Amino acid sequence: MLRYISFTVDGATIRTPQGTSVLDAALDQGICIPALCHMRGVEDIGVCRLCLVEVVRNGRSRVTTSCTLEATEGMEVLAHSPLILKLRRNVAELLVAEAPNSRAIQDIAARCGVTTVRYPFHHADCVLCGRCVRICSEMWRAGALGFVGRGAERRVALPFNERPEYCKRCYSCIDVCPMTIAPCAGPMAVGEEYLCAKCASQLTMTARMPDSCVWCGLGKGFGCARQTPAARTRERARVR
Ligand code: SF4
Ligand code: SF4
Ligand code: FES
């Protein structure tokens, strides 16, 4: 029998089936917690650290990733406390520095309040979020991709660097990769790293839900809470 539990996120009570993660339960209620490595229906590995929250207990709090945290009865979660916003902004900034050519990452960073990046740009091809690996193994049951190497050598690879016969050619690995959406001006050249901030996909974007944001699947449908009041009014008028 399905059991439900109640807990709070930023003071709002949420009732959710037992076994649900804090992140999924919050997203189901339209509470936006940024996430990059999380995908519904596949196991969470908690690597991007964007979904950090504070869990308060007996007056003390601890910071943890909400995608890997099961919601339990009476749990008190802070998803937008000053500490969390600061930590999250830093995580987002590091992600942009790692992969400035990803529009999805720029969009998420914008929504975390990042306006400038203090770290050197690395132009990585992959941020090791594991979305491709997990969708391949868990959704398509193909197991054609995997992580190899450790530390700085860690990367996603095909077995023997060749597409195996058992690859189903579904191309889901490409669809879910945050690196496959380039900013409008195209990939940045090394030595010319700047974020132009001229359009909605860039770092000063605050007005509307960007097309490439992978923060959650709900922003458009629910009228994302991170929209500016003016953008929300425009959206409501358009829907009417
Ligand atoms: S295209 Fe091949 S490697 Fe990519 S997700 Fe599908 S089965 Fe896996
Ligand atoms: S290739 Fe893309 S989806 Fe796969 S781990 Fe790297 S950034 Fe993530
Ligand atoms: S660590 Fe939770 S979504 Fe990436």
# chains A, B, ... in the order shown; residues from 1 in each chain; ligands from 1
$ residues_near_ligand --ligand "ligand 3" --cutoff "6 Å" --atoms "only C-alpha atoms and all ligand atoms" --output "mmCIF file with N, CA, C and O atoms, in the first residue's frame"
data_model
loop_
_atom_site.group_PDB
_atom_site.id
_atom_site.type_symbol
_atom_site.label_atom_id
_atom_site.label_comp_id
_atom_site.auth_asym_id
_atom_site.auth_seq_id
_atom_site.Cartn_x
_atom_site.Cartn_y
_atom_site.Cartn_z
ATOM 1 N N ALA A 35 19.149 21.543 -10.706
ATOM 2 C CA ALA A 35 19.705 20.199 -10.789
ATOM 3 C C ALA A 35 20.306 20.013 -12.162
ATOM 4 O O ALA A 35 19.757 20.489 -13.145
ATOM 5 N N LEU A 36 21.405 19.318 -12.230
ATOM 6 C CA LEU A 36 21.999 19.031 -13.534
ATOM 7 C C LEU A 36 22.115 17.526 -13.764
ATOM 8 O O LEU A 36 21.687 17.013 -14.776
ATOM 9 N N CYS A 37 22.664 16.821 -12.800
ATOM 10 C CA CYS A 37 22.871 15.387 -13.030
ATOM 11 C C CYS A 37 21.591 14.579 -12.813
ATOM 12 O O CYS A 37 21.502 13.428 -13.238
ATOM 13 N N HIS A 38 20.596 15.170 -12.188
ATOM 14 C CA HIS A 38 19.351 14.442 -11.897
ATOM 15 C C HIS A 38 18.495 14.249 -13.146
ATOM 16 O O HIS A 38 18.343 15.161 -13.947
ATOM 17 N N GLY A 46 24.338 12.197 -7.489
ATOM 18 C CA GLY A 46 24.724 13.350 -6.656
ATOM 19 C C GLY A 46 26.073 13.942 -6.976
ATOM 20 O O GLY A 46 26.821 14.284 -6.065
ATOM 21 N N VAL A 47 26.378 14.088 -8.272
ATOM 22 C CA VAL A 47 27.714 14.595 -8.603
ATOM 23 C C VAL A 47 27.778 16.086 -8.909
ATOM 24 O O VAL A 47 28.810 16.706 -8.715
ATOM 25 N N CYS A 48 26.687 16.682 -9.397
ATOM 26 C CA CYS A 48 26.813 18.088 -9.820
ATOM 27 C C CYS A 48 26.759 19.044 -8.627
ATOM 28 O O CYS A 48 27.252 20.158 -8.708
ATOM 29 N N ARG A 49 26.152 18.632 -7.528
ATOM 30 C CA ARG A 49 26.062 19.398 -6.280
ATOM 31 C C ARG A 49 25.190 20.648 -6.385
ATOM 32 O O ARG A 49 25.175 21.464 -5.473
ATOM 33 N N LEU A 50 24.480 20.806 -7.492
ATOM 34 C CA LEU A 50 23.639 22.000 -7.624
ATOM 35 C C LEU A 50 22.411 21.953 -6.716
ATOM 36 O O LEU A 50 21.872 22.981 -6.333
ATOM 37 N N CYS A 51 21.960 20.741 -6.424
ATOM 38 C CA CYS A 51 20.681 20.611 -5.714
ATOM 39 C C CYS A 51 20.848 20.645 -4.194
ATOM 40 O O CYS A 51 19.997 20.161 -3.466
ATOM 41 N N THR A 65 22.898 16.897 -0.738
ATOM 42 C CA THR A 65 22.245 16.969 -2.048
ATOM 43 C C THR A 65 20.817 16.436 -1.928
ATOM 44 O O THR A 65 20.594 15.354 -1.374
ATOM 45 N N SER A 66 19.862 17.185 -2.483
ATOM 46 C CA SER A 66 18.455 16.801 -2.310
ATOM 47 C C SER A 66 18.043 15.665 -3.244
ATOM 48 O O SER A 66 17.047 15.002 -2.993
ATOM 49 N N CYS A 67 18.807 15.421 -4.309
ATOM 50 C CA CYS A 67 18.423 14.327 -5.223
ATOM 51 C C CYS A 67 18.696 12.967 -4.594
ATOM 52 O O CYS A 67 18.050 11.981 -4.936
#
$ residues_around --residues "Thr20 in chain A" --least-positions-apart "2" --cutoff "12 Å" --atoms "only C-alpha atoms" --output "list in words"
Leu2, Arg3, Tyr4, Ile5, Ser6, Phe7, Ile14, Arg15, Thr16, Pro17, Gln18, Val22, Leu23, Asp24, Ala25, Ala26, Leu27, Asp28, Arg40, Gly41, Asp44, Ser66, Cys67, Thr68, Leu69, Glu70, Ala71, Thr72 and Glu73 of chain A
$ residues_near_ligand --ligand "ligand 1" --cutoff "6 Å" --atoms "only C-alpha atoms and all ligand atoms" --output "VMD selection string"
chain A and resid 136 142 144 to 145 167 to 173
$ closest_residue --among "A:Ser102, A:Thr116, A:Ser61, A:Thr8" --to "ligand 2" --atoms "only C-alpha atoms and all ligand atoms"
A:Ser102
$ atom_distance --atom1 "CA of Ser81 in chain A" --atom2 "CA of Arg118 in chain A"
22.5 Å
$ closest_atom_pairs --of "chain A" --to "ligand 2" --cutoff "6 Å" --atoms "only C-alpha atoms and all ligand atoms" --output "JSON lines"
{"residue": "A:Cys126", "atom": "CA", "partner": "ligand 2", "partner_atom_place_in_ligand_line": "6 (Fe)", "distance": 3.7}
{"residue": "A:Val127", "atom": "CA", "partner": "ligand 2", "partner_atom_place_in_ligand_line": "7 (S)", "distance": 4.4}
{"residue": "A:Leu128", "atom": "CA", "partner": "ligand 2", "partner_atom_place_in_ligand_line": "5 (S)", "distance": 3.7}
{"residue": "A:Cys129", "atom": "CA", "partner": "ligand 2", "partner_atom_place_in_ligand_line": "8 (Fe)", "distance": 3.9}
{"residue": "A:Gly130", "atom": "CA", "partner": "ligand 2", "partner_atom_place_in_ligand_line": "5 (S)", "distance": 3.8}
{"residue": "A:Arg131", "atom": "CA", "partner": "ligand 2", "partner_atom_place_in_ligand_line": "3 (S)", "distance": 4.3}
{"residue": "A:Cys132", "atom": "CA", "partner": "ligand 2", "partner_atom_place_in_ligand_line": "3 (S)", "distance": 4.2}
{"residue": "A:Val176", "atom": "CA", "partner": "ligand 2", "partner_atom_place_in_ligand_line": "3 (S)", "distance": 5.9}
{"residue": "A:Cys177", "atom": "CA", "partner": "ligand 2", "partner_atom_place_in_ligand_line": "3 (S)", "distance": 3.6}
{"residue": "A:Pro178", "atom": "CA", "partner": "ligand 2", "partner_atom_place_in_ligand_line": "7 (S)", "distance": 5.6}
{"residue": "A:Met179", "atom": "CA", "partner": "ligand 2", "partner_atom_place_in_ligand_line": "7 (S)", "distance": 5.5}
$ closest_residue --among "A:Val114, A:Val56, A:Ile84, A:Ala185" --to "Ala97 in chain A" --atoms "only C-alpha atoms"
A:Val114
$ residues_around --residues "Ala182 in chain A" --least-positions-apart "3" --cutoff "7 Å" --atoms "only C-alpha atoms" --output "NGL selection string"
:A and (101-103 or 186-187)
$ write_last_selection --atoms "N, CA, C and O atoms" --output "tab-separated table (two decimals), in the first residue's frame"
chain	number	residue	atom	x	y	z
A	101	ASN	N	31.00	26.69	-22.76
A	101	ASN	CA	30.33	26.58	-24.05
A	101	ASN	C	29.00	25.83	-23.98
A	101	ASN	O	28.42	25.53	-25.02
A	102	SER	N	28.54	25.54	-22.80
A	102	SER	CA	27.25	24.87	-22.68
A	102	SER	C	26.17	25.89	-22.35
A	102	SER	O	26.22	26.54	-21.31
A	103	ARG	N	25.20	25.99	-23.24
A	103	ARG	CA	24.11	26.93	-22.98
A	103	ARG	C	23.27	26.46	-21.80
A	103	ARG	O	22.80	27.26	-21.01
A	186	GLY	N	27.78	30.56	-30.67
A	186	GLY	CA	28.66	29.42	-30.96
A	186	GLY	C	29.70	29.25	-29.89
A	186	GLY	O	29.82	30.08	-28.98
A	187	PRO	N	30.45	28.15	-29.97
A	187	PRO	CA	31.46	27.89	-28.94
A	187	PRO	C	32.48	29.03	-28.84
A	187	PRO	O	32.84	29.64	-29.84
$ select_by_dssp --residues "range 27-195 of chain A" --states "helix (DSSP H, G or I)" --output "PyMOL selection string"
chain A and resi 27-28+82-98+103-111+131-139+151-153+159-161+172-175+178-180
$ write_last_selection --atoms "N, CA and C atoms" --output "compact mmCIF listing (two decimals), in the first residue's frame"
# COMPACT_ATOMS: atom_id res chain seq x y z
N LEU A 27 10.12 19.46 -6.71
CA LEU A 27 9.81 19.78 -8.12
C LEU A 27 8.35 19.49 -8.44
N ASP A 28 7.82 18.42 -7.87
CA ASP A 28 6.40 18.08 -8.10
C ASP A 28 5.48 19.20 -7.63
N PRO A 82 20.16 31.66 2.85
CA PRO A 82 21.33 32.42 2.39
C PRO A 82 22.56 31.53 2.18
N LEU A 83 22.76 30.58 3.08
CA LEU A 83 23.92 29.68 2.93
C LEU A 83 23.81 28.86 1.66
N ILE A 84 22.63 28.29 1.42
CA ILE A 84 22.46 27.44 0.23
C ILE A 84 22.60 28.26 -1.05
N LEU A 85 22.02 29.45 -1.07
CA LEU A 85 22.12 30.28 -2.28
C LEU A 85 23.58 30.61 -2.58
N LYS A 86 24.34 30.85 -1.53
CA LYS A 86 25.76 31.18 -1.72
C LYS A 86 26.54 29.96 -2.24
N LEU A 87 26.32 28.82 -1.60
CA LEU A 87 27.02 27.60 -2.02
C LEU A 87 26.65 27.23 -3.45
N ARG A 88 25.35 27.32 -3.74
CA ARG A 88 24.85 26.94 -5.07
C ARG A 88 25.41 27.85 -6.16
N ARG A 89 25.49 29.14 -5.83
CA ARG A 89 26.03 30.10 -6.81
C ARG A 89 27.47 29.75 -7.12
N ASN A 90 28.20 29.34 -6.10
CA ASN A 90 29.60 28.98 -6.32
C ASN A 90 29.72 27.71 -7.16
N VAL A 91 28.87 26.73 -6.87
CA VAL A 91 28.88 25.48 -7.65
C VAL A 91 28.57 25.81 -9.12
N ALA A 92 27.57 26.67 -9.33
CA ALA A 92 27.18 27.02 -10.70
C ALA A 92 28.30 27.77 -11.41
N GLU A 93 28.97 28.62 -10.67
CA GLU A 93 30.08 29.38 -11.25
C GLU A 93 31.21 28.44 -11.68
N LEU A 94 31.49 27.46 -10.83
CA LEU A 94 32.53 26.48 -11.17
C LEU A 94 32.14 25.67 -12.41
N LEU A 95 30.84 25.37 -12.51
CA LEU A 95 30.38 24.62 -13.69
C LEU A 95 30.56 25.43 -14.96
N VAL A 96 30.23 26.71 -14.90
CA VAL A 96 30.42 27.56 -16.09
C VAL A 96 31.90 27.61 -16.45
N ALA A 97 32.75 27.75 -15.44
CA ALA A 97 34.19 27.80 -15.71
C ALA A 97 34.66 26.51 -16.36
N GLU A 98 34.08 25.41 -15.94
CA GLU A 98 34.47 24.11 -16.49
C GLU A 98 34.02 23.98 -17.94
N ARG A 103 25.20 25.99 -23.24
CA ARG A 103 24.11 26.93 -22.98
C ARG A 103 23.27 26.46 -21.80
N ALA A 104 23.09 25.16 -21.68
CA ALA A 104 22.30 24.64 -20.55
C ALA A 104 22.94 25.05 -19.23
N ILE A 105 24.25 24.96 -19.16
CA ILE A 105 24.94 25.32 -17.91
C ILE A 105 24.90 26.83 -17.68
N GLN A 106 25.04 27.59 -18.75
CA GLN A 106 24.92 29.04 -18.59
C GLN A 106 23.53 29.41 -18.07
N ASP A 107 22.52 28.76 -18.60
CA ASP A 107 21.15 29.06 -18.17
C ASP A 107 20.95 28.74 -16.69
N ILE A 108 21.42 27.59 -16.29
CA ILE A 108 21.27 27.21 -14.88
C ILE A 108 22.03 28.20 -14.00
N ALA A 109 23.23 28.57 -14.43
CA ALA A 109 24.03 29.51 -13.64
C ALA A 109 23.31 30.84 -13.51
N ALA A 110 22.69 31.28 -14.59
CA ALA A 110 21.95 32.54 -14.55
C ALA A 110 20.85 32.46 -13.51
N ARG A 111 20.20 31.33 -13.47
CA ARG A 111 19.09 31.18 -12.54
C ARG A 111 19.58 30.99 -11.11
N ARG A 131 24.77 11.73 -17.04
CA ARG A 131 23.42 11.57 -17.59
C ARG A 131 23.42 10.56 -18.74
N CYS A 132 24.40 10.67 -19.62
CA CYS A 132 24.46 9.77 -20.78
C CYS A 132 24.65 8.31 -20.34
N VAL A 133 25.55 8.11 -19.42
CA VAL A 133 25.86 6.75 -18.97
C VAL A 133 24.63 6.10 -18.34
N ARG A 134 23.93 6.87 -17.51
CA ARG A 134 22.78 6.30 -16.79
C ARG A 134 21.58 6.09 -17.70
N ILE A 135 21.37 7.00 -18.65
CA ILE A 135 20.21 6.79 -19.52
C ILE A 135 20.45 5.59 -20.41
N CYS A 136 21.70 5.41 -20.79
CA CYS A 136 22.05 4.27 -21.65
C CYS A 136 21.86 2.95 -20.90
N SER A 137 22.33 2.90 -19.67
CA SER A 137 22.27 1.63 -18.95
C SER A 137 20.91 1.38 -18.30
N GLU A 138 20.29 2.44 -17.77
CA GLU A 138 19.07 2.20 -16.99
C GLU A 138 17.80 2.30 -17.82
N MET A 139 17.77 3.22 -18.78
CA MET A 139 16.53 3.37 -19.54
C MET A 139 16.54 2.46 -20.78
N GLY A 151 40.10 10.53 -11.16
CA GLY A 151 40.55 11.92 -10.97
C GLY A 151 40.46 12.71 -12.27
N ALA A 152 41.54 13.40 -12.58
CA ALA A 152 41.55 14.26 -13.76
C ALA A 152 41.44 13.46 -15.05
N GLU A 153 41.72 12.16 -14.98
CA GLU A 153 41.67 11.32 -16.18
C GLU A 153 40.28 10.74 -16.44
N PRO A 159 33.26 1.12 -25.07
CA PRO A 159 34.23 0.05 -24.89
C PRO A 159 35.22 0.02 -26.06
N PHE A 160 36.48 0.01 -25.76
CA PHE A 160 37.55 0.02 -26.77
C PHE A 160 37.40 1.20 -27.74
N ASN A 161 36.74 2.27 -27.25
CA ASN A 161 36.55 3.48 -28.05
C ASN A 161 35.81 3.25 -29.37
N SER A 172 19.82 8.85 -27.20
CA SER A 172 19.40 9.49 -25.95
C SER A 172 20.59 10.10 -25.23
N CYS A 173 21.74 9.45 -25.38
CA CYS A 173 22.94 9.96 -24.70
C CYS A 173 23.25 11.37 -25.16
N ILE A 174 22.96 11.65 -26.42
CA ILE A 174 23.22 13.01 -26.94
C ILE A 174 22.10 13.95 -26.50
N ASP A 175 20.87 13.45 -26.55
CA ASP A 175 19.73 14.30 -26.16
C ASP A 175 19.85 14.84 -24.74
N PRO A 178 24.16 17.96 -21.36
CA PRO A 178 24.10 19.43 -21.29
C PRO A 178 25.13 20.11 -22.18
N MET A 179 26.05 19.34 -22.72
CA MET A 179 27.10 19.95 -23.55
C MET A 179 26.68 20.07 -25.01
N THR A 180 25.52 19.53 -25.37
CA THR A 180 25.17 19.51 -26.79
C THR A 180 24.42 20.76 -27.24
